[in-house]
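Enquirer: Input: one structure, supplied below.
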Amino acid sequence: MRRAVLGVALAGATFGAAGCFDVHNVDPGVHLIDDFDDGAFQPADPNLTPWGCYSVNPATNQNYSCGHDGDTMDASPYSLYLDFSITDPADGTQQHGGAAVSTAAETPENLAPFKEIGFSAKLESGNPPLPSSALLYLELHCRTVPATGSRSPDDLLVLAGVDYHSDWKTFSLELNSLVPPPWLSTQFQGGNVACLEHVDNIDLIVDEQLPDGKTGAGVLHVDDIYLR
């Protein structure tokens, strides 16, 4: 089931227009996406729009907000947090509800020259607690890339799941390890690298894996997102 965007809490998390193939080339080396130290929602990368947050899938009682606080990975001034509580409606179907933080590219970015994307994160369970099966994904969207198979404007992406903790942990993901999600039958013309060459959104998503009719709450903290 595709996780549908249901709302945006902060202005600016809009997507590049489909069919536009102008690409913003990012210089290789270490490229900071954002460390949140200035307490602002504008990423360090000026081509990206301000961070926003949203809920995913048709769950009910969607309460979510995002902001900055002093709970950080490296004793720096700020990190970005996402506070959420989501209910899976009692309708006999698991909806895979959750929430996410997101930034969009004004012009699709070419990330293919980089080897990895890194970030620090912690995911704390709330009240009611998150299921132990909850998932944390990094998604790179590429809506302008020609593709075949199952697709919609929100479908075109590559992703990787990470083994989250309730304490801070730093993750380093090889970009070539990100693949289309298993719930879609999508192949990019030019292979997965074509998606990396036209990235128009960077999302960190919590899929709560809620059983039908249950509610789960938590807080995701994110810090120091970079390319290398």
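In the structure tokens, chains take letters A, B, ... by order of appearance, with residues numbered from 1 within each chain and ligands from 1 in the order shown.
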Could the residues of stretch 59-144 of chain A that have an atom at most 6 Å from stretch 193-201 of chain A be listed as a tab-separated table, each with its closest atom pair and the distance in Å to one decimal, counting only C-alpha atoms and ordered by chain and ascending residue number?

Expert:
```
residue	atom	partner	partner_atom	distance
A:Thr103	CA	A:Asn201	CA	5.8
A:Ala104	CA	A:Asn201	CA	4.2
A:Ala105	CA	A:Asp200	CA	4.7
A:Pro108	CA	A:Asp200	CA	4.6
A:Glu109	CA	A:Val199	CA	5.0
A:Asn110	CA	A:Glu197	CA	4.0
A:Leu111	CA	A:Leu196	CA	5.3
A:Ala112	CA	A:Leu196	CA	5.2
A:Leu140	CA	A:Asn201	CA	5.7
A:His141	CA	A:Asn201	CA	5.0
A:Cys142	CA	A:Val199	CA	4.7
```

Enquirer: Please identify all polymer residues within 7 Å of stretch 216-224 of chain A, counting only C-alpha atoms, omitting same-chain residues fewer than 3 positions from it, and present them as a list in words.

Expert: Asp34, Asp35, Phe36, Thr72, Met73, Ser79, Leu80, Tyr81, Leu82, Asp83, Phe84, Ser85, Ile86, Thr87, Phe119, Ser120, Ala121, Lys122, Leu123, Glu124, Ser125, Gly126, Asn127, Pro128, Pro129, Leu130, Glu208 and Leu210 of chain A

Enquirer: Based on the selection just made, write N, CA and C atoms of those residues as a short mmCIF file (atom, residue, chain, number, x, y, z; two decimals), in the first residue's frame.

Expert:
```
data_model
loop_
_atom_site.label_atom_id
_atom_site.label_comp_id
_atom_site.auth_asym_id
_atom_site.auth_seq_id
_atom_site.Cartn_x
_atom_site.Cartn_y
_atom_site.Cartn_z
N ASP A 34 21.61 19.73 6.05
CA ASP A 34 21.21 20.58 7.17
C ASP A 34 21.73 19.99 8.47
N ASP A 35 22.17 20.88 9.37
CA ASP A 35 22.51 20.46 10.73
C ASP A 35 21.59 21.09 11.77
N PHE A 36 20.65 21.94 11.31
CA PHE A 36 19.59 22.53 12.13
C PHE A 36 20.11 23.47 13.22
N THR A 72 20.17 16.95 20.92
CA THR A 72 20.97 16.82 19.70
C THR A 72 21.96 15.67 19.81
N MET A 73 22.52 15.30 18.66
CA MET A 73 23.49 14.23 18.59
C MET A 73 24.82 14.62 19.18
N SER A 79 18.32 20.25 17.07
CA SER A 79 17.97 19.21 16.11
C SER A 79 16.53 19.47 15.66
N LEU A 80 16.09 18.71 14.66
CA LEU A 80 14.70 18.78 14.20
C LEU A 80 13.93 17.63 14.84
N TYR A 81 12.73 17.92 15.35
CA TYR A 81 11.92 16.84 15.91
C TYR A 81 10.57 16.75 15.20
N LEU A 82 10.00 15.55 15.25
CA LEU A 82 8.67 15.25 14.75
C LEU A 82 7.91 14.54 15.86
N ASP A 83 6.87 15.17 16.37
CA ASP A 83 6.05 14.62 17.45
C ASP A 83 4.73 14.17 16.83
N PHE A 84 4.33 12.91 17.04
CA PHE A 84 3.17 12.40 16.32
C PHE A 84 2.39 11.38 17.16
N SER A 85 1.09 11.32 16.89
CA SER A 85 0.20 10.30 17.44
C SER A 85 -0.80 9.95 16.34
N ILE A 86 -0.84 8.67 15.97
CA ILE A 86 -1.63 8.23 14.82
C ILE A 86 -2.48 7.03 15.24
N THR A 87 -3.72 6.98 14.75
CA THR A 87 -4.61 5.85 15.01
C THR A 87 -4.92 5.14 13.70
N PHE A 119 23.03 10.63 8.26
CA PHE A 119 22.20 11.43 9.17
C PHE A 119 22.21 10.75 10.54
N SER A 120 21.85 11.53 11.56
CA SER A 120 21.70 11.00 12.90
C SER A 120 20.23 11.07 13.28
N ALA A 121 19.76 10.07 14.03
CA ALA A 121 18.35 10.02 14.39
C ALA A 121 18.16 9.23 15.67
N LYS A 122 17.08 9.53 16.35
CA LYS A 122 16.58 8.72 17.45
C LYS A 122 15.06 8.72 17.38
N LEU A 123 14.45 7.59 17.68
CA LEU A 123 13.00 7.45 17.63
C LEU A 123 12.53 6.96 18.99
N GLU A 124 11.85 7.83 19.72
CA GLU A 124 11.38 7.51 21.06
C GLU A 124 9.91 7.14 21.01
N SER A 125 9.56 6.07 21.70
CA SER A 125 8.18 5.65 21.80
C SER A 125 7.43 6.55 22.77
N GLY A 126 6.13 6.76 22.50
CA GLY A 126 5.33 7.65 23.33
C GLY A 126 4.24 6.90 24.08
N ASN A 127 3.10 7.56 24.27
CA ASN A 127 1.99 6.98 24.99
C ASN A 127 0.70 7.26 24.21
N PRO A 128 0.08 6.20 23.62
CA PRO A 128 0.42 4.78 23.67
C PRO A 128 1.75 4.50 22.94
N PRO A 129 2.44 3.42 23.32
CA PRO A 129 3.75 3.16 22.73
C PRO A 129 3.68 2.73 21.28
N LEU A 130 4.80 2.94 20.57
CA LEU A 130 4.94 2.42 19.21
C LEU A 130 5.08 0.91 19.25
N GLU A 208 4.36 3.34 11.52
CA GLU A 208 4.17 2.82 12.88
C GLU A 208 3.86 1.33 12.92
N LEU A 210 1.03 -0.06 12.91
CA LEU A 210 -0.03 -0.22 13.90
C LEU A 210 -0.97 -1.36 13.53
#
```

Enquirer: Please compute the atom CA of A:Ala134-atom CA of A:Asn57 distance, one decimal, in Å.

Expert: 14.8 Å

Enquirer: Assign secondary structure with DSSP using the backbone only, and return the residues of stretch 67-213 of chain A in alpha helix (DSSP H) as a VMD selection string.

Expert: chain A and resid 192 to 196

Enquirer: Pick out the closest residue to A:Pro131 from this set: A:Gly191, A:Gly29, A:Gly52, A:Pro211. Count only C-alpha atoms.

Expert: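 Nearest candidate to A:Pro131 out of A:Gly191, A:Gly29, A:Gly52, A:Pro211: A:Pro211.
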